[in-house]
>>> print(open('my_file_28.txt').read())   # compact mmCIF, N, CA and C atoms
# COMPACT_ATOMS: atom_id res chain seq x y z
N MET A 1 -11.85 5.04 -4.47
CA MET A 1 -11.82 5.91 -3.33
C MET A 1 -13.26 6.15 -2.89
N ALA A 2 -13.51 6.07 -1.61
CA ALA A 2 -14.84 6.27 -1.05
C ALA A 2 -14.89 7.62 -0.34
N VAL A 3 -16.05 8.23 -0.35
CA VAL A 3 -16.24 9.51 0.36
C VAL A 3 -17.38 9.33 1.35
N LEU A 4 -17.13 9.68 2.60
CA LEU A 4 -18.14 9.66 3.64
C LEU A 4 -18.60 11.09 3.87
N GLU A 5 -19.89 11.35 3.74
CA GLU A 5 -20.39 12.71 3.89
C GLU A 5 -20.97 12.93 5.28
N CYS A 6 -20.63 14.06 5.88
CA CYS A 6 -21.17 14.51 7.15
C CYS A 6 -21.55 15.98 6.94
N PRO A 7 -22.43 16.51 7.77
CA PRO A 7 -22.77 17.93 7.61
C PRO A 7 -21.51 18.80 7.68
N ASP A 8 -21.29 19.59 6.66
CA ASP A 8 -20.17 20.54 6.58
C ASP A 8 -18.78 19.89 6.54
N ARG A 9 -18.69 18.59 6.39
CA ARG A 9 -17.40 17.90 6.34
C ARG A 9 -17.51 16.71 5.42
N PHE A 10 -16.38 16.25 4.97
CA PHE A 10 -16.35 14.96 4.32
C PHE A 10 -15.01 14.31 4.59
N SER A 11 -14.99 13.01 4.53
CA SER A 11 -13.78 12.24 4.78
C SER A 11 -13.54 11.34 3.57
N THR A 12 -12.37 11.42 3.03
CA THR A 12 -12.01 10.58 1.90
C THR A 12 -11.21 9.40 2.43
N LEU A 13 -11.57 8.19 2.03
CA LEU A 13 -10.81 7.02 2.43
C LEU A 13 -9.72 6.78 1.40
N LEU A 14 -8.48 6.90 1.82
CA LEU A 14 -7.35 6.76 0.92
C LEU A 14 -6.75 5.36 1.04
N PRO A 15 -6.46 4.71 -0.10
CA PRO A 15 -5.80 3.40 -0.02
C PRO A 15 -4.40 3.57 0.57
N THR A 16 -4.08 2.75 1.55
CA THR A 16 -2.78 2.87 2.22
C THR A 16 -1.91 1.64 2.04
N GLY A 17 -2.44 0.60 1.45
CA GLY A 17 -1.66 -0.63 1.28
C GLY A 17 -2.60 -1.79 1.02
N TYR A 18 -2.05 -2.97 1.13
CA TYR A 18 -2.81 -4.19 0.86
C TYR A 18 -2.60 -5.14 2.03
N GLY A 19 -3.69 -5.56 2.64
CA GLY A 19 -3.62 -6.48 3.76
C GLY A 19 -3.95 -7.90 3.32
N VAL A 20 -3.19 -8.85 3.83
CA VAL A 20 -3.44 -10.26 3.54
C VAL A 20 -3.56 -10.98 4.88
N ARG A 21 -4.59 -11.79 5.03
CA ARG A 21 -4.82 -12.52 6.27
C ARG A 21 -5.10 -13.98 5.96
N CYS A 22 -4.69 -14.84 6.88
CA CYS A 22 -5.01 -16.26 6.78
C CYS A 22 -5.71 -16.66 8.07
N THR A 23 -6.85 -17.32 7.91
CA THR A 23 -7.65 -17.72 9.07
C THR A 23 -8.14 -19.15 8.87
N ALA A 24 -8.07 -19.95 9.93
CA ALA A 24 -8.62 -21.31 9.91
C ALA A 24 -10.02 -21.27 10.50
N HIS A 25 -10.98 -21.88 9.79
CA HIS A 25 -12.38 -21.91 10.23
C HIS A 25 -12.83 -23.35 10.43
N TRP A 26 -13.36 -23.65 11.62
CA TRP A 26 -13.94 -24.94 11.91
C TRP A 26 -15.45 -24.81 11.91
N GLY A 27 -16.14 -25.93 11.91
CA GLY A 27 -17.60 -25.92 12.03
C GLY A 27 -18.02 -25.26 13.32
N GLY A 28 -19.24 -24.77 13.37
CA GLY A 28 -19.75 -24.15 14.59
C GLY A 28 -19.27 -22.73 14.79
N GLY A 29 -18.68 -22.12 13.78
CA GLY A 29 -18.27 -20.73 13.88
C GLY A 29 -16.93 -20.47 14.55
N LEU A 30 -16.19 -21.51 14.87
CA LEU A 30 -14.87 -21.31 15.48
C LEU A 30 -13.85 -20.92 14.42
N SER A 31 -12.98 -19.97 14.76
CA SER A 31 -11.92 -19.58 13.83
C SER A 31 -10.69 -19.18 14.61
N PHE A 32 -9.55 -19.22 13.91
CA PHE A 32 -8.28 -18.89 14.53
C PHE A 32 -7.41 -18.21 13.48
N GLY A 33 -6.90 -17.03 13.80
CA GLY A 33 -6.02 -16.31 12.89
C GLY A 33 -4.67 -16.99 12.78
N LEU A 34 -4.19 -17.12 11.56
CA LEU A 34 -2.90 -17.77 11.30
C LEU A 34 -1.86 -16.81 10.74
N GLY A 35 -2.09 -15.54 10.93
CA GLY A 35 -1.10 -14.56 10.50
C GLY A 35 -1.62 -13.63 9.44
N GLY A 36 -0.92 -12.54 9.30
CA GLY A 36 -1.27 -11.56 8.31
C GLY A 36 -0.09 -10.69 7.98
N HIS A 37 -0.29 -9.89 6.95
CA HIS A 37 0.80 -9.04 6.47
C HIS A 37 0.17 -7.84 5.77
N THR A 38 0.80 -6.70 5.88
CA THR A 38 0.39 -5.53 5.12
C THR A 38 1.54 -5.16 4.20
N ALA A 39 1.24 -5.04 2.92
CA ALA A 39 2.24 -4.72 1.91
C ALA A 39 1.92 -3.37 1.28
N ALA A 40 2.93 -2.71 0.79
CA ALA A 40 2.74 -1.42 0.13
C ALA A 40 2.16 -1.57 -1.27
N THR A 41 2.37 -2.74 -1.88
CA THR A 41 1.91 -2.95 -3.25
C THR A 41 1.07 -4.22 -3.33
N ALA A 42 0.27 -4.31 -4.38
CA ALA A 42 -0.52 -5.52 -4.63
C ALA A 42 0.40 -6.70 -4.90
N GLU A 43 1.49 -6.45 -5.59
CA GLU A 43 2.46 -7.52 -5.88
C GLU A 43 3.08 -8.05 -4.59
N GLY A 44 3.39 -7.15 -3.65
CA GLY A 44 3.94 -7.58 -2.37
C GLY A 44 2.95 -8.40 -1.57
N ALA A 45 1.68 -8.01 -1.63
CA ALA A 45 0.64 -8.79 -0.94
C ALA A 45 0.54 -10.18 -1.54
N MET A 46 0.61 -10.28 -2.86
CA MET A 46 0.50 -11.59 -3.51
C MET A 46 1.73 -12.45 -3.21
N GLU A 47 2.90 -11.85 -3.12
CA GLU A 47 4.11 -12.61 -2.76
C GLU A 47 3.95 -13.23 -1.37
N TRP A 48 3.43 -12.45 -0.42
CA TRP A 48 3.23 -12.98 0.94
C TRP A 48 2.20 -14.10 0.91
N MET A 49 1.11 -13.89 0.17
CA MET A 49 0.07 -14.91 0.09
C MET A 49 0.65 -16.21 -0.49
N CYS A 50 1.46 -16.10 -1.52
CA CYS A 50 2.07 -17.30 -2.11
C CYS A 50 2.95 -18.03 -1.09
N ARG A 51 3.76 -17.30 -0.35
CA ARG A 51 4.61 -17.94 0.68
C ARG A 51 3.75 -18.64 1.72
N ARG A 52 2.69 -17.97 2.16
CA ARG A 52 1.85 -18.54 3.22
C ARG A 52 1.06 -19.74 2.71
N VAL A 53 0.59 -19.71 1.47
CA VAL A 53 -0.10 -20.86 0.88
C VAL A 53 0.86 -22.04 0.80
N ARG A 54 2.10 -21.79 0.38
CA ARG A 54 3.09 -22.87 0.30
C ARG A 54 3.36 -23.47 1.68
N GLU A 55 3.51 -22.63 2.69
CA GLU A 55 3.73 -23.12 4.06
C GLU A 55 2.54 -23.95 4.54
N ALA A 56 1.33 -23.47 4.28
CA ALA A 56 0.14 -24.20 4.71
C ALA A 56 0.04 -25.53 3.98
N ALA A 57 0.32 -25.54 2.69
CA ALA A 57 0.21 -26.77 1.90
C ALA A 57 1.14 -27.86 2.42
N ASP A 58 2.28 -27.46 2.95
CA ASP A 58 3.24 -28.43 3.49
C ASP A 58 2.71 -29.13 4.74
N GLN A 59 1.69 -28.54 5.37
CA GLN A 59 1.18 -29.07 6.63
C GLN A 59 -0.20 -29.71 6.52
N LEU A 60 -0.85 -29.59 5.38
CA LEU A 60 -2.23 -30.05 5.24
C LEU A 60 -2.32 -31.44 4.63
N GLU A 61 -3.47 -32.06 4.87
CA GLU A 61 -3.77 -33.38 4.31
C GLU A 61 -4.40 -33.21 2.93
N THR A 62 -4.38 -34.28 2.14
CA THR A 62 -4.97 -34.23 0.80
C THR A 62 -6.45 -33.92 0.90
N PRO A 63 -7.01 -33.24 -0.07
CA PRO A 63 -6.47 -32.80 -1.35
C PRO A 63 -5.88 -31.39 -1.33
N ALA A 64 -5.85 -30.73 -0.17
CA ALA A 64 -5.42 -29.34 -0.09
C ALA A 64 -4.03 -29.09 -0.68
N PRO A 65 -3.01 -29.93 -0.43
CA PRO A 65 -1.69 -29.63 -1.00
C PRO A 65 -1.70 -29.61 -2.53
N ALA A 66 -2.43 -30.52 -3.15
CA ALA A 66 -2.49 -30.54 -4.61
C ALA A 66 -3.18 -29.30 -5.15
N LEU A 67 -4.25 -28.87 -4.48
CA LEU A 67 -4.95 -27.65 -4.89
C LEU A 67 -4.06 -26.42 -4.71
N ALA A 68 -3.33 -26.37 -3.61
CA ALA A 68 -2.42 -25.26 -3.36
C ALA A 68 -1.32 -25.22 -4.41
N GLU A 69 -0.74 -26.36 -4.73
CA GLU A 69 0.33 -26.42 -5.74
C GLU A 69 -0.19 -25.98 -7.10
N ARG A 70 -1.42 -26.38 -7.44
CA ARG A 70 -2.01 -25.96 -8.71
C ARG A 70 -2.18 -24.44 -8.74
N TRP A 71 -2.66 -23.87 -7.64
CA TRP A 71 -2.82 -22.42 -7.57
C TRP A 71 -1.46 -21.72 -7.65
N LEU A 72 -0.48 -22.25 -6.92
CA LEU A 72 0.86 -21.64 -6.92
C LEU A 72 1.51 -21.69 -8.31
N ALA A 73 1.20 -22.71 -9.09
CA ALA A 73 1.78 -22.85 -10.42
C ALA A 73 1.05 -22.02 -11.48
N ASP A 74 -0.10 -21.48 -11.14
CA ASP A 74 -0.93 -20.74 -12.09
C ASP A 74 -0.57 -19.26 -12.06
N SER A 75 0.47 -18.89 -12.79
CA SER A 75 0.93 -17.50 -12.79
C SER A 75 -0.11 -16.55 -13.36
N ALA A 76 -0.93 -17.02 -14.31
CA ALA A 76 -1.98 -16.17 -14.86
C ALA A 76 -3.01 -15.81 -13.79
N GLU A 77 -3.33 -16.75 -12.92
CA GLU A 77 -4.29 -16.48 -11.84
C GLU A 77 -3.69 -15.49 -10.84
N GLN A 78 -2.41 -15.58 -10.58
CA GLN A 78 -1.79 -14.64 -9.65
C GLN A 78 -1.70 -13.24 -10.24
N VAL A 79 -1.48 -13.13 -11.54
CA VAL A 79 -1.53 -11.83 -12.21
C VAL A 79 -2.94 -11.26 -12.12
N ARG A 80 -3.93 -12.12 -12.33
CA ARG A 80 -5.33 -11.68 -12.21
C ARG A 80 -5.61 -11.19 -10.79
N ALA A 81 -5.09 -11.89 -9.78
CA ALA A 81 -5.29 -11.50 -8.39
C ALA A 81 -4.70 -10.11 -8.13
N VAL A 82 -3.51 -9.85 -8.65
CA VAL A 82 -2.89 -8.53 -8.50
C VAL A 82 -3.76 -7.47 -9.16
N ASP A 83 -4.26 -7.76 -10.37
CA ASP A 83 -5.13 -6.81 -11.07
C ASP A 83 -6.41 -6.54 -10.29
N VAL A 84 -6.98 -7.58 -9.68
CA VAL A 84 -8.19 -7.43 -8.87
C VAL A 84 -7.91 -6.51 -7.68
N LEU A 85 -6.78 -6.71 -7.02
CA LEU A 85 -6.42 -5.87 -5.88
C LEU A 85 -6.20 -4.43 -6.31
N LYS A 86 -5.50 -4.24 -7.41
CA LYS A 86 -5.25 -2.88 -7.90
C LYS A 86 -6.54 -2.16 -8.28
N ALA A 87 -7.55 -2.92 -8.67
CA ALA A 87 -8.84 -2.34 -9.02
C ALA A 87 -9.67 -2.01 -7.77
N GLY A 88 -9.17 -2.39 -6.59
CA GLY A 88 -9.85 -2.07 -5.34
C GLY A 88 -10.74 -3.17 -4.79
N ALA A 89 -10.79 -4.30 -5.46
CA ALA A 89 -11.60 -5.42 -4.99
C ALA A 89 -10.74 -6.37 -4.16
N GLY A 90 -11.37 -7.32 -3.50
CA GLY A 90 -10.65 -8.31 -2.70
C GLY A 90 -10.42 -9.59 -3.47
N TYR A 91 -9.43 -10.34 -3.03
CA TYR A 91 -9.12 -11.63 -3.64
C TYR A 91 -9.15 -12.69 -2.54
N ASP A 92 -9.84 -13.80 -2.79
CA ASP A 92 -9.99 -14.87 -1.80
C ASP A 92 -9.50 -16.19 -2.35
N LEU A 93 -8.88 -16.98 -1.48
CA LEU A 93 -8.49 -18.35 -1.79
C LEU A 93 -8.79 -19.20 -0.57
N ASP A 94 -9.51 -20.30 -0.76
CA ASP A 94 -9.82 -21.22 0.33
C ASP A 94 -9.22 -22.59 0.05
N LEU A 95 -8.61 -23.18 1.07
CA LEU A 95 -8.15 -24.56 1.01
C LEU A 95 -8.85 -25.30 2.15
N VAL A 96 -9.33 -26.51 1.87
CA VAL A 96 -10.04 -27.29 2.89
C VAL A 96 -9.27 -28.58 3.15
N SER A 97 -9.07 -28.86 4.43
CA SER A 97 -8.37 -30.07 4.84
C SER A 97 -8.96 -30.56 6.15
N ASP A 98 -9.40 -31.81 6.19
CA ASP A 98 -9.95 -32.41 7.41
C ASP A 98 -11.06 -31.56 8.03
N GLY A 99 -11.94 -31.02 7.21
CA GLY A 99 -13.07 -30.25 7.71
C GLY A 99 -12.74 -28.84 8.16
N VAL A 100 -11.51 -28.41 7.97
CA VAL A 100 -11.11 -27.05 8.34
C VAL A 100 -10.87 -26.27 7.04
N ARG A 101 -11.47 -25.08 6.99
CA ARG A 101 -11.28 -24.21 5.83
C ARG A 101 -10.21 -23.18 6.17
N TYR A 102 -9.18 -23.14 5.36
CA TYR A 102 -8.10 -22.17 5.50
C TYR A 102 -8.37 -21.05 4.51
N ALA A 103 -8.75 -19.90 5.03
CA ALA A 103 -9.17 -18.77 4.20
C ALA A 103 -8.02 -17.77 4.08
N PHE A 104 -7.61 -17.52 2.86
CA PHE A 104 -6.60 -16.52 2.55
C PHE A 104 -7.33 -15.35 1.92
N ARG A 105 -7.22 -14.17 2.52
CA ARG A 105 -7.95 -13.00 2.06
C ARG A 105 -6.99 -11.84 1.84
N ALA A 106 -7.04 -11.24 0.67
CA ALA A 106 -6.24 -10.05 0.36
C ALA A 106 -7.21 -8.90 0.07
N ARG A 107 -6.95 -7.75 0.68
CA ARG A 107 -7.83 -6.60 0.55
C ARG A 107 -7.01 -5.32 0.50
N VAL A 108 -7.58 -4.30 -0.13
CA VAL A 108 -7.01 -2.97 -0.04
C VAL A 108 -7.33 -2.44 1.35
N GLU A 109 -6.36 -1.81 1.98
CA GLU A 109 -6.59 -1.21 3.29
C GLU A 109 -6.70 0.30 3.11
N TYR A 110 -7.60 0.90 3.88
CA TYR A 110 -7.86 2.33 3.75
C TYR A 110 -7.61 3.04 5.08
N TRP A 111 -7.24 4.29 4.97
CA TRP A 111 -7.08 5.14 6.13
C TRP A 111 -7.82 6.45 5.83
N PRO A 112 -8.68 6.92 6.73
CA PRO A 112 -9.44 8.14 6.41
C PRO A 112 -8.58 9.40 6.46
N GLU A 113 -8.81 10.26 5.49
CA GLU A 113 -8.22 11.60 5.50
C GLU A 113 -9.38 12.57 5.63
N VAL A 114 -9.48 13.22 6.75
CA VAL A 114 -10.61 14.12 7.00
C VAL A 114 -10.30 15.49 6.43
N THR A 115 -11.24 16.00 5.68
CA THR A 115 -11.11 17.34 5.13
C THR A 115 -12.22 18.20 5.73
N VAL A 116 -11.84 19.36 6.26
CA VAL A 116 -12.81 20.24 6.90
C VAL A 116 -13.29 21.26 5.87
N ALA A 117 -14.54 21.63 5.95
CA ALA A 117 -15.10 22.62 5.04
C ALA A 117 -14.37 23.95 5.16
N ALA A 118 -14.41 24.76 4.11
CA ALA A 118 -13.67 26.03 4.06
C ALA A 118 -14.10 27.01 5.15
N ASP A 119 -15.33 26.90 5.64
CA ASP A 119 -15.79 27.86 6.65
C ASP A 119 -15.42 27.46 8.07
N GLY A 120 -14.54 26.45 8.23
CA GLY A 120 -14.03 26.09 9.56
C GLY A 120 -14.58 24.78 10.07
N PRO A 121 -14.15 24.40 11.29
CA PRO A 121 -14.55 23.10 11.84
C PRO A 121 -15.94 23.00 12.23
>>> encode(input="my_file_28.txt", output="structure tokens")
Amino acid sequence: MAVLECPDRFSTLLPTGYGVRCTAHWGGGLSFGLGGHTAATAEGAMEWMCRRVREAADQLETPAPALAERWLADSAEQVRAVDVLKAGAGYDLDLVSDGVRYAFRARVEYWPEVTVAADGP
């Protein structure tokens, strides 16, 4: 949990869920969003990421499908990813096919809860 301090106030950032995004990146800084999902739990975020990695692997050229299948079969790595998310850190997976990097990113999402000092606003 993070705290932002302001004179006579503070705002606590509360975890509200887990966001997962997939983005395709080309050379020259071009990118295109390929979807995202917000889950209430780290396990739900990882389930979505697994589905999206499987869908992407079905459409990519070698070696990306083999790398995706290896990651999908590695249940210990997926448990580690859930633990990383629960600890508040992000989890990243990249697949590269034909010079395009497919970036899968899972992060804790926060929403600020503002608390006013006892002496008023």
>>> closest_atom_pairs(input="my_file_28.txt", of="region 67-119 of chain A", to="region 27-51 of chain A", cutoff="8 Å", atoms="all atoms listed in the file", output="CSV")
residue,atom,partner,partner_atom,distance
A:Trp71,C,A:Cys50,CA,7.9
A:Leu72,CA,A:Cys50,CA,6.6
A:Gln78,CA,A:Met46,CA,7.2
A:Ala81,C,A:Ala42,C,6.9
A:Val82,CA,A:Ala42,C,5.2
A:Asp83,N,A:Ala42,CA,7.2
A:Leu85,C,A:Ala42,CA,6.0
A:Lys86,N,A:Ala42,CA,5.8
A:Gly99,C,A:Gly27,N,5.8
A:Val100,CA,A:Gly27,N,6.3
A:Arg101,N,A:Gly27,N,6.8
A:Phe104,CA,A:Met49,CA,7.3
A:Arg105,N,A:Met49,CA,7.7
A:Ala106,CA,A:Ala45,C,7.0
A:Arg107,N,A:Ala45,CA,7.8
>>> write_last_selection(input="my_file_28.txt", atoms="N, CA and C atoms", output="compact mmCIF listing (two decimals), in the frame of the given file")
# COMPACT_ATOMS: atom_id res chain seq x y z
N TRP A 71 -2.66 -23.87 -7.64
CA TRP A 71 -2.82 -22.42 -7.57
C TRP A 71 -1.46 -21.72 -7.65
N LEU A 72 -0.48 -22.25 -6.92
CA LEU A 72 0.86 -21.64 -6.92
C LEU A 72 1.51 -21.69 -8.31
N GLN A 78 -2.41 -15.58 -10.58
CA GLN A 78 -1.79 -14.64 -9.65
C GLN A 78 -1.70 -13.24 -10.24
N ALA A 81 -5.09 -11.89 -9.78
CA ALA A 81 -5.29 -11.50 -8.39
C ALA A 81 -4.70 -10.11 -8.13
N VAL A 82 -3.51 -9.85 -8.65
CA VAL A 82 -2.89 -8.53 -8.50
C VAL A 82 -3.76 -7.47 -9.16
N ASP A 83 -4.26 -7.76 -10.37
CA ASP A 83 -5.13 -6.81 -11.07
C ASP A 83 -6.41 -6.54 -10.29
N LEU A 85 -6.78 -6.71 -7.02
CA LEU A 85 -6.42 -5.87 -5.88
C LEU A 85 -6.20 -4.43 -6.31
N LYS A 86 -5.50 -4.24 -7.41
CA LYS A 86 -5.25 -2.88 -7.90
C LYS A 86 -6.54 -2.16 -8.28
N GLY A 99 -11.94 -31.02 7.21
CA GLY A 99 -13.07 -30.25 7.71
C GLY A 99 -12.74 -28.84 8.16
N VAL A 100 -11.51 -28.41 7.97
CA VAL A 100 -11.11 -27.05 8.34
C VAL A 100 -10.87 -26.27 7.04
N ARG A 101 -11.47 -25.08 6.99
CA ARG A 101 -11.28 -24.21 5.83
C ARG A 101 -10.21 -23.18 6.17
N PHE A 104 -7.61 -17.52 2.86
CA PHE A 104 -6.60 -16.52 2.55
C PHE A 104 -7.33 -15.35 1.92
N ARG A 105 -7.22 -14.17 2.52
CA ARG A 105 -7.95 -13.00 2.06
C ARG A 105 -6.99 -11.84 1.84
N ALA A 106 -7.04 -11.24 0.67
CA ALA A 106 -6.24 -10.05 0.36
C ALA A 106 -7.21 -8.90 0.07
N ARG A 107 -6.95 -7.75 0.68
CA ARG A 107 -7.83 -6.60 0.55
C ARG A 107 -7.01 -5.32 0.50
>>> closest_residue(input="my_file_28.txt", among="A:Ala56, A:Ala24, A:Leu67, A:Val108", to="Tyr91 (chain A)", atoms="all atoms listed in the file")
A:Val108
>>> select_by_dssp(input="my_file_28.txt", residues="region 8-97 of chain A", states="alpha helix (DSSP H)", output="ChimeraX atom specification")
/A:42-57,64-73,75-86
>>> atom_distance(input="my_file_28.txt", atom1="CA of Val84 (chain A)", atom2="atom N of Glu109 (chain A)")
12.4 Å
>>> atom_distance(input="my_file_28.txt", atom1="atom N of Pro65 (chain A)", atom2="atom N of His25 (chain A)")
15.3 Å
>>> closest_residue(input="my_file_28.txt", among="A:Arg54, A:Glu69, A:Tyr102, A:Val79", to="Arg21 (chain A)", atoms="only N, CA and C atoms")
A:Tyr102
>>> closest_residue(input="my_file_28.txt", among="A:Tyr18, A:Ala57, A:Thr23, A:Ala64", to="Leu95 (chain A)", atoms="only C-alpha atoms")
A:Ala64
